[in-house]
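Below is one structure, written out as structure tokens; the observations come after it.
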Amino acid sequence: MTDVAQRITTPVHVTGPDGPWEDVRQGMALRGNASVFTTWGEWLTAALAEPALRPLLGRDWLRYRQTANPTIRYRFVASRLAVKYTAAAALGIAPADLDLAYKIGGRPYLRGFDQIDVSLTHTDDLIAVGISRNGRIGIDTEPADRKLSFHLLQDQMCTVAEKAELAALPEAEQPAAMLRLWTLKEAYTKALGQGLRLAFDEFGFATGRAGAAGLLTPDGTPAAHGEWAFGTYPVLGRYLLSVACHDAGLDTSRDTAVATMLDEGFLAMVSDLLDPV
């Protein structure tokens with residue numbers, strides 16, 4: 001991978017509330033971002049047996065209780081627990097202390113942490129979560145065996161440059177290249193908060209490379225100057241996962257732990273006000 005791709009923390013497989021979470025903490029400290037993938041079944045025990053489920057879900061408790069279909073209900077709770085535990089590991093805080101809310105369109109965010117961006121995606125039994133302190137993050141996943149037809153979809157999802165590159169590939173390689181492009185474009189538009197509102201033929205990526213990717217204009221020239229990083233990864237042997245990370249260029253603290261990211265003098269002043277001698 002290129003240096004740009006290496007700015008993205010390699011996605012981590014977590015198998016439930018116990019993690020492992022160390023790579024998430026290290027990724028946030030070293031690169032300012034992290035992402036995890038898991039399956040809803042790996043969180044089923046936590047969803048069924050966690051005695052503190054209500055405070056963990058917070059404002060999502062009512063939606064959880066009102067969802068009649070048990071499969072949908074437990075997939076919902078698994079995805080919310082995955083978001084909270086991922087954010088908790090990244091920020092050094094208890095999951096129940098995080099307030100998960102939603103923007104118009106359903107994108108999750110953490111109340112009180114305006115600098116932290118979160119992205120959530122799921123397909124079949126896979127759940128993936130991305131988190132960043134440097135700027136926007138988007139994450140998308142698809143089954144690796146999903147077949148996307150170049151001939152049927154090229155006009156809807158490909159730039160002129162991408163069409164030319166894909167047409168030059170052997171026909172047997174085109175579906176995989178198309179799927180990689182699809183997940184990258186989904187991840188990028190999710191990071192922007194645009195979803196499918198941004199036409200996929202208005203921006204592009206180099207085709208045919210499983211690792212790094214750079215944002216391109218429709219004619220194939222670079223469209224960014226290093227502020228965006230992209231990566232695509234095979235996960236669990238049956239999914240493709242892409243991550244888009246934006247670096248806003250802010251002078252941010254590498255220590256995102258809630259207990260240490262606040263100014264000590266400010267904390268002392270607040271303590272004196274709350275507990276005057």
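In the structure tokens, chains take the letters A, B, ... in the order shown, each chain's residues start at 1, and ligands count up from 1 in the order shown.
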Can you pull out every residue within 8 Å of A:Lys185, counting only C-alpha atoms, but drop anything in the same chain fewer than 3 positions away, and send it as a list in words?
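Counting only C-alpha atoms, the residues come to Leu181, Trp182, Tyr188, Thr189, Phe200 and Gly204 of chain A.
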Going by DSSP on the backbone, which bits of stretch 20-235 of chain A are strand (DSSP E or B)? Write them as a count of residues only, please.
47
Write out as a ChimeraX atom specification the residues lying within 10 Å of stretch 86-98 of chain A, counting only C-alpha atoms and excluding same-chain residues fewer than 6 positions away.
/A:14,17,19-29,32-36,52-58,80,110-113,116-118,129-133,255-261
Show which residues sit within 10 Å of A:Thr45, as a PyMOL selection string. Count only C-alpha atoms, and ignore same-chain residues fewer than 6 positions away.
chain A and resi 16-17+74+78
A:Gln156, A:Gln194, A:Thr15, A:Thr207 ranked by distance to A:Ala82, top pick (using only C-alpha atoms):
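Nearest to A:Ala82: A:Thr15.
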If we count only C-alpha atoms, what is near stretch 237-243 of chain A at a cut-off of 10 Å, once residues fewer than 5 positions away on the same chain are taken out, given as a PDB file with N, CA and C atoms, in the first residue's frame?
ATOM      1  N   ALA A   5      -2.465   5.186   1.983  1.00  0.00           N
ATOM      2  CA  ALA A   5      -3.281   4.084   2.491  1.00  0.00           C
ATOM      3  C   ALA A   5      -2.876   3.716   3.909  1.00  0.00           C
ATOM      4  N   ILE A   8      -4.577   4.843   7.213  1.00  0.00           N
ATOM      5  CA  ILE A   8      -5.787   4.204   7.707  1.00  0.00           C
ATOM      6  C   ILE A   8      -5.400   3.001   8.561  1.00  0.00           C
ATOM      7  N   THR A   9      -5.970   2.922   9.746  1.00  0.00           N
ATOM      8  CA  THR A   9      -5.735   1.764  10.605  1.00  0.00           C
ATOM      9  C   THR A   9      -6.420   0.538  10.002  1.00  0.00           C
ATOM     10  N   THR A  10      -5.687  -0.542   9.875  1.00  0.00           N
ATOM     11  CA  THR A  10      -6.273  -1.778   9.345  1.00  0.00           C
ATOM     12  C   THR A  10      -7.466  -2.207  10.190  1.00  0.00           C
ATOM     13  N   PRO A  11      -8.597  -2.498   9.573  1.00  0.00           N
ATOM     14  CA  PRO A  11      -9.784  -2.902  10.339  1.00  0.00           C
ATOM     15  C   PRO A  11      -9.511  -4.100  11.245  1.00  0.00           C
ATOM     16  N   ALA A  34      -9.798   4.478  13.457  1.00  0.00           N
ATOM     17  CA  ALA A  34      -9.849   3.035  13.664  1.00  0.00           C
ATOM     18  C   ALA A  34     -11.162   2.518  13.097  1.00  0.00           C
ATOM     19  N   SER A  35     -11.179   1.255  12.761  1.00  0.00           N
ATOM     20  CA  SER A  35     -12.427   0.630  12.321  1.00  0.00           C
ATOM     21  C   SER A  35     -12.431  -0.819  12.771  1.00  0.00           C
ATOM     22  N   PHE A  37     -14.762  -4.707  12.524  1.00  0.00           N
ATOM     23  CA  PHE A  37     -15.829  -5.482  11.897  1.00  0.00           C
ATOM     24  C   PHE A  37     -16.149  -6.657  12.808  1.00  0.00           C
ATOM     25  N   SER A 119     -18.943   6.219  11.656  1.00  0.00           N
ATOM     26  CA  SER A 119     -19.667   5.653  10.518  1.00  0.00           C
ATOM     27  C   SER A 119     -20.026   4.212  10.836  1.00  0.00           C
ATOM     28  N   THR A 121     -21.966   0.613   9.138  1.00  0.00           N
ATOM     29  CA  THR A 121     -22.540  -0.073   7.986  1.00  0.00           C
ATOM     30  C   THR A 121     -22.765  -1.530   8.336  1.00  0.00           C
ATOM     31  N   THR A 123     -24.157  -5.477   6.378  1.00  0.00           N
ATOM     32  CA  THR A 123     -24.713  -6.247   5.274  1.00  0.00           C
ATOM     33  C   THR A 123     -24.720  -7.712   5.676  1.00  0.00           C
ATOM     34  N   ASP A 124     -25.799  -8.411   5.380  1.00  0.00           N
ATOM     35  CA  ASP A 124     -25.953  -9.801   5.831  1.00  0.00           C
ATOM     36  C   ASP A 124     -25.682  -9.859   7.342  1.00  0.00           C
ATOM     37  N   LEU A 126     -22.715  -9.131   8.746  1.00  0.00           N
ATOM     38  CA  LEU A 126     -21.535  -8.322   9.082  1.00  0.00           C
ATOM     39  C   LEU A 126     -21.931  -6.923   9.539  1.00  0.00           C
ATOM     40  N   ALA A 128     -19.854  -3.236  10.584  1.00  0.00           N
ATOM     41  CA  ALA A 128     -18.563  -2.545  10.584  1.00  0.00           C
ATOM     42  C   ALA A 128     -18.755  -1.124  11.101  1.00  0.00           C
ATOM     43  N   VAL A 129     -17.798  -0.667  11.903  1.00  0.00           N
ATOM     44  CA  VAL A 129     -17.846   0.656  12.525  1.00  0.00           C
ATOM     45  C   VAL A 129     -16.524   1.362  12.265  1.00  0.00           C
ATOM     46  N   GLY A 130     -16.585   2.624  11.878  1.00  0.00           N
ATOM     47  CA  GLY A 130     -15.390   3.447  11.723  1.00  0.00           C
ATOM     48  C   GLY A 130     -15.469   4.642  12.647  1.00  0.00           C
ATOM     49  N   ILE A 137     -15.185  10.255   8.346  1.00  0.00           N
ATOM     50  CA  ILE A 137     -14.871   8.870   8.024  1.00  0.00           C
ATOM     51  C   ILE A 137     -16.121   8.206   7.465  1.00  0.00           C
ATOM     52  N   GLY A 138     -15.923   7.355   6.478  1.00  0.00           N
ATOM     53  CA  GLY A 138     -17.017   6.580   5.906  1.00  0.00           C
ATOM     54  C   GLY A 138     -16.573   5.143   5.735  1.00  0.00           C
ATOM     55  N   ILE A 139     -17.488   4.205   5.916  1.00  0.00           N
ATOM     56  CA  ILE A 139     -17.154   2.791   5.832  1.00  0.00           C
ATOM     57  C   ILE A 139     -18.276   2.064   5.101  1.00  0.00           C
ATOM     58  N   ASP A 140     -17.903   1.112   4.254  1.00  0.00           N
ATOM     59  CA  ASP A 140     -18.923   0.356   3.515  1.00  0.00           C
ATOM     60  C   ASP A 140     -18.439  -1.068   3.304  1.00  0.00           C
ATOM     61  N   THR A 141     -19.360  -1.986   3.254  1.00  0.00           N
ATOM     62  CA  THR A 141     -19.009  -3.389   3.037  1.00  0.00           C
ATOM     63  C   THR A 141     -20.052  -4.065   2.154  1.00  0.00           C
ATOM     64  N   GLU A 142     -19.600  -5.045   1.410  1.00  0.00           N
ATOM     65  CA  GLU A 142     -20.465  -5.834   0.544  1.00  0.00           C
ATOM     66  C   GLU A 142     -19.981  -7.277   0.556  1.00  0.00           C
ATOM     67  N   PRO A 143     -20.870  -8.254   0.321  1.00  0.00           N
ATOM     68  CA  PRO A 143     -20.410  -9.639   0.144  1.00  0.00           C
ATOM     69  C   PRO A 143     -19.420  -9.720  -1.008  1.00  0.00           C
ATOM     70  N   ALA A 144     -18.310 -10.420  -0.804  1.00  0.00           N
ATOM     71  CA  ALA A 144     -17.258 -10.476  -1.816  1.00  0.00           C
ATOM     72  C   ALA A 144     -17.710 -11.180  -3.087  1.00  0.00           C
ATOM     73  N   ASP A 145     -18.744 -12.015  -2.980  1.00  0.00           N
ATOM     74  CA  ASP A 145     -19.207 -12.742  -4.161  1.00  0.00           C
ATOM     75  C   ASP A 145     -20.337 -12.009  -4.894  1.00  0.00           C
ATOM     76  N   ARG A 146     -20.637 -10.780  -4.489  1.00  0.00           N
ATOM     77  CA  ARG A 146     -21.669 -10.021  -5.199  1.00  0.00           C
ATOM     78  C   ARG A 146     -21.172  -9.680  -6.601  1.00  0.00           C
ATOM     79  N   ALA A 176     -15.182  -8.047  -9.881  1.00  0.00           N
ATOM     80  CA  ALA A 176     -14.444  -7.752  -8.655  1.00  0.00           C
ATOM     81  C   ALA A 176     -13.968  -6.306  -8.639  1.00  0.00           C
ATOM     82  N   LEU A 179     -16.951  -4.155  -7.887  1.00  0.00           N
ATOM     83  CA  LEU A 179     -17.351  -4.229  -6.493  1.00  0.00           C
ATOM     84  C   LEU A 179     -16.431  -3.374  -5.626  1.00  0.00           C
ATOM     85  N   ARG A 180     -15.136  -3.405  -5.894  1.00  0.00           N
ATOM     86  CA  ARG A 180     -14.192  -2.563  -5.155  1.00  0.00           C
ATOM     87  C   ARG A 180     -14.535  -1.086  -5.347  1.00  0.00           C
ATOM     88  N   LEU A 181     -14.795  -0.683  -6.579  1.00  0.00           N
ATOM     89  CA  LEU A 181     -15.171   0.707  -6.842  1.00  0.00           C
ATOM     90  C   LEU A 181     -16.456   1.077  -6.102  1.00  0.00           C
ATOM     91  N   TRP A 182     -17.419   0.178  -6.111  1.00  0.00           N
ATOM     92  CA  TRP A 182     -18.697   0.453  -5.451  1.00  0.00           C
ATOM     93  C   TRP A 182     -18.500   0.726  -3.964  1.00  0.00           C
ATOM     94  N   THR A 183     -17.721  -0.136  -3.283  1.00  0.00           N
ATOM     95  CA  THR A 183     -17.529   0.053  -1.844  1.00  0.00           C
ATOM     96  C   THR A 183     -16.734   1.321  -1.553  1.00  0.00           C
ATOM     97  N   LEU A 184     -15.746   1.640  -2.388  1.00  0.00           N
ATOM     98  CA  LEU A 184     -14.990   2.875  -2.203  1.00  0.00           C
ATOM     99  C   LEU A 184     -15.885   4.104  -2.369  1.00  0.00           C
ATOM    100  N   LYS A 185     -16.730   4.081  -3.383  1.00  0.00           N
ATOM    101  CA  LYS A 185     -17.601   5.235  -3.633  1.00  0.00           C
ATOM    102  C   LYS A 185     -18.657   5.364  -2.543  1.00  0.00           C
ATOM    103  N   GLU A 186     -19.169   4.242  -2.077  1.00  0.00           N
ATOM    104  CA  GLU A 186     -20.115   4.281  -0.960  1.00  0.00           C
ATOM    105  C   GLU A 186     -19.441   4.854   0.287  1.00  0.00           C
ATOM    106  N   ALA A 187     -18.222   4.390   0.586  1.00  0.00           N
ATOM    107  CA  ALA A 187     -17.518   4.868   1.770  1.00  0.00           C
ATOM    108  C   ALA A 187     -17.258   6.371   1.673  1.00  0.00           C
ATOM    109  N   TYR A 188     -16.849   6.843   0.504  1.00  0.00           N
ATOM    110  CA  TYR A 188     -16.549   8.265   0.314  1.00  0.00           C
ATOM    111  C   TYR A 188     -17.801   9.118   0.468  1.00  0.00           C
ATOM    112  N   LYS A 190     -20.527   8.347   2.052  1.00  0.00           N
ATOM    113  CA  LYS A 190     -20.959   8.284   3.448  1.00  0.00           C
ATOM    114  C   LYS A 190     -20.127   9.228   4.313  1.00  0.00           C
ATOM    115  N   ALA A 191     -18.829   9.296   4.043  1.00  0.00           N
ATOM    116  CA  ALA A 191     -17.983  10.214   4.786  1.00  0.00           C
ATOM    117  C   ALA A 191     -18.427  11.664   4.579  1.00  0.00           C
ATOM    118  N   GLY A 211      -5.342  -2.671  -3.082  1.00  0.00           N
ATOM    119  CA  GLY A 211      -4.889  -1.937  -1.897  1.00  0.00           C
ATOM    120  C   GLY A 211      -5.314  -0.489  -1.895  1.00  0.00           C
ATOM    121  N   ALA A 229      -7.688   9.654   2.444  1.00  0.00           N
ATOM    122  CA  ALA A 229      -7.025   8.349   2.381  1.00  0.00           C
ATOM    123  C   ALA A 229      -8.096   7.276   2.254  1.00  0.00           C
ATOM    124  N   PHE A 230      -7.803   6.247   1.456  1.00  0.00           N
ATOM    125  CA  PHE A 230      -8.769   5.181   1.192  1.00  0.00           C
ATOM    126  C   PHE A 230      -8.083   3.829   1.318  1.00  0.00           C
ATOM    127  N   GLY A 231      -8.848   2.847   1.746  1.00  0.00           N
ATOM    128  CA  GLY A 231      -8.338   1.490   1.806  1.00  0.00           C
ATOM    129  C   GLY A 231      -9.445   0.485   1.606  1.00  0.00           C
ATOM    130  N   THR A 232      -9.119  -0.645   0.996  1.00  0.00           N
ATOM    131  CA  THR A 232     -10.076  -1.730   0.786  1.00  0.00           C
ATOM    132  C   THR A 232      -9.471  -3.019   1.313  1.00  0.00           C
TER     133      THR A 232
END
Let me make sure I understand: among A:Asp155, A:Asp201, A:Asp99, A:Asp60, which one has the smallest atom-to-atom distance to A:Phe76 if we use only C-alpha atoms?
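Answer, going by the shortest atom-to-atom distance: A:Asp60.
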So how many Å separate atom CA of A:Gln115 and atom CA of A:Arg31, to one decimal?
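We find that atom CA of A:Gln115 and atom CA of A:Arg31 lie 14.8 Å from each other.
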Given the choices A:Gly214, A:Thr38, A:Leu169, A:Gly193, which gets closest to A:Tyr109 if the distance is worked out from only C-alpha atoms?
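Nearest to A:Tyr109: A:Gly193.
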As JSON, numbers by chain, list the residues of stretch 137-255 of chain A assigned to helix (DSSP H, G or I) by DSSP on the backbone atoms of this structure.
{"A": [150, 151, 152, 153, 154, 155, 156, 157, 160, 161, 162, 163, 164, 165, 166, 167, 168, 171, 172, 173, 174, 175, 176, 177, 178, 179, 180, 181, 182, 183, 184, 185, 186, 187, 188, 189, 190, 191, 192, 195, 196, 197, 200, 201, 202]}
Take the residues from that selection and write them out as a compact mmCIF listing (two decimals), in the first residue's frame, keeping N, CA and C atoms.
# COMPACT_ATOMS: atom_id res chain seq x y z
N PHE A 150 -20.45 -4.85 -15.30
CA PHE A 150 -19.87 -3.65 -15.91
C PHE A 150 -20.76 -3.13 -17.02
N HIS A 151 -21.26 -4.01 -17.84
CA HIS A 151 -22.05 -3.59 -19.00
C HIS A 151 -23.37 -2.94 -18.57
N LEU A 152 -23.98 -3.42 -17.49
CA LEU A 152 -25.27 -2.87 -17.06
C LEU A 152 -25.11 -1.59 -16.21
N LEU A 153 -24.00 -1.48 -15.48
CA LEU A 153 -23.88 -0.40 -14.49
C LEU A 153 -22.87 0.67 -14.84
N GLN A 154 -22.13 0.51 -15.91
CA GLN A 154 -21.04 1.44 -16.20
C GLN A 154 -21.49 2.88 -16.32
N ASP A 155 -22.65 3.12 -16.91
CA ASP A 155 -23.10 4.50 -17.09
C ASP A 155 -23.58 5.13 -15.79
N GLN A 156 -24.04 4.31 -14.84
CA GLN A 156 -24.55 4.84 -13.58
C GLN A 156 -23.45 5.05 -12.54
N MET A 157 -22.39 4.25 -12.56
CA MET A 157 -21.43 4.32 -11.47
C MET A 157 -19.99 4.58 -11.88
N VAL A 160 -15.66 8.41 -17.01
CA VAL A 160 -15.12 8.09 -18.33
C VAL A 160 -13.81 7.32 -18.19
N ALA A 161 -12.94 7.77 -17.29
CA ALA A 161 -11.65 7.09 -17.09
C ALA A 161 -11.83 5.68 -16.56
N GLU A 162 -12.76 5.50 -15.62
CA GLU A 162 -13.01 4.16 -15.08
C GLU A 162 -13.56 3.22 -16.14
N LYS A 163 -14.45 3.72 -16.97
CA LYS A 163 -14.99 2.89 -18.05
C LYS A 163 -13.87 2.36 -18.94
N ALA A 164 -12.94 3.25 -19.28
CA ALA A 164 -11.85 2.85 -20.17
C ALA A 164 -10.98 1.79 -19.49
N GLU A 165 -10.67 1.97 -18.21
CA GLU A 165 -9.83 1.01 -17.50
C GLU A 165 -10.53 -0.33 -17.33
N LEU A 166 -11.81 -0.28 -16.97
CA LEU A 166 -12.55 -1.52 -16.77
C LEU A 166 -12.75 -2.28 -18.08
N ALA A 167 -13.00 -1.54 -19.15
CA ALA A 167 -13.19 -2.20 -20.45
C ALA A 167 -11.93 -2.93 -20.90
N ALA A 168 -10.76 -2.43 -20.43
CA ALA A 168 -9.49 -3.06 -20.82
C ALA A 168 -9.18 -4.30 -20.00
N GLU A 171 -12.80 -9.87 -18.98
CA GLU A 171 -14.19 -9.85 -18.53
C GLU A 171 -14.37 -10.53 -17.18
N ALA A 172 -13.59 -11.56 -16.91
CA ALA A 172 -13.72 -12.29 -15.65
C ALA A 172 -13.27 -11.45 -14.45
N GLU A 173 -12.44 -10.42 -14.68
CA GLU A 173 -11.95 -9.58 -13.59
C GLU A 173 -12.82 -8.35 -13.36
N GLN A 174 -13.72 -8.06 -14.25
CA GLN A 174 -14.51 -6.84 -14.14
C GLN A 174 -15.44 -6.80 -12.94
N PRO A 175 -16.16 -7.89 -12.59
CA PRO A 175 -17.07 -7.81 -11.43
C PRO A 175 -16.35 -7.46 -10.14
N ALA A 176 -15.18 -8.05 -9.88
CA ALA A 176 -14.44 -7.75 -8.65
C ALA A 176 -13.97 -6.31 -8.64
N ALA A 177 -13.51 -5.81 -9.77
CA ALA A 177 -13.08 -4.41 -9.86
C ALA A 177 -14.26 -3.47 -9.65
N MET A 178 -15.41 -3.83 -10.20
CA MET A 178 -16.60 -3.02 -10.02
C MET A 178 -17.03 -3.00 -8.56
N LEU A 179 -16.95 -4.16 -7.89
CA LEU A 179 -17.35 -4.23 -6.49
C LEU A 179 -16.43 -3.37 -5.63
N ARG A 180 -15.14 -3.40 -5.89
CA ARG A 180 -14.19 -2.56 -5.15
C ARG A 180 -14.53 -1.09 -5.35
N LEU A 181 -14.80 -0.68 -6.58
CA LEU A 181 -15.17 0.71 -6.84
C LEU A 181 -16.46 1.08 -6.10
N TRP A 182 -17.42 0.18 -6.11
CA TRP A 182 -18.70 0.45 -5.45
C TRP A 182 -18.50 0.73 -3.96
N THR A 183 -17.72 -0.14 -3.28
CA THR A 183 -17.53 0.05 -1.84
C THR A 183 -16.73 1.32 -1.55
N LEU A 184 -15.75 1.64 -2.39
CA LEU A 184 -14.99 2.88 -2.20
C LEU A 184 -15.88 4.10 -2.37
N LYS A 185 -16.73 4.08 -3.38
CA LYS A 185 -17.60 5.23 -3.63
C LYS A 185 -18.66 5.36 -2.54
N GLU A 186 -19.17 4.24 -2.08
CA GLU A 186 -20.11 4.28 -0.96
C GLU A 186 -19.44 4.85 0.29
N ALA A 187 -18.22 4.39 0.59
CA ALA A 187 -17.52 4.87 1.77
C ALA A 187 -17.26 6.37 1.67
N TYR A 188 -16.85 6.84 0.50
CA TYR A 188 -16.55 8.26 0.31
C TYR A 188 -17.80 9.12 0.47
N THR A 189 -18.91 8.72 -0.17
CA THR A 189 -20.12 9.52 -0.07
C THR A 189 -20.70 9.48 1.34
N LYS A 190 -20.53 8.35 2.05
CA LYS A 190 -20.96 8.28 3.45
C LYS A 190 -20.13 9.23 4.31
N ALA A 191 -18.83 9.30 4.04
CA ALA A 191 -17.98 10.21 4.79
C ALA A 191 -18.43 11.66 4.58
N LEU A 192 -18.85 11.98 3.36
CA LEU A 192 -19.33 13.33 3.06
C LEU A 192 -20.74 13.58 3.60
N GLY A 195 -24.40 10.05 0.90
CA GLY A 195 -25.03 8.81 0.47
C GLY A 195 -25.13 8.74 -1.04
N LEU A 196 -26.24 8.24 -1.54
CA LEU A 196 -26.42 8.11 -2.98
C LEU A 196 -26.83 9.42 -3.66
N ARG A 197 -26.87 10.52 -2.88
CA ARG A 197 -27.24 11.80 -3.49
C ARG A 197 -26.12 12.34 -4.38
N PHE A 200 -22.30 8.72 -8.69
CA PHE A 200 -21.06 7.97 -8.68
C PHE A 200 -20.20 8.23 -9.91
N ASP A 201 -20.77 8.80 -10.98
CA ASP A 201 -19.96 9.08 -12.17
C ASP A 201 -19.31 10.46 -12.11
N GLU A 202 -19.46 11.15 -10.96
CA GLU A 202 -18.87 12.48 -10.81
C GLU A 202 -17.50 12.45 -10.13
In Å, with one decimal, what is the gap from atom CA of A:Leu216 to atom CA of A:Gly105?
26.5 Å
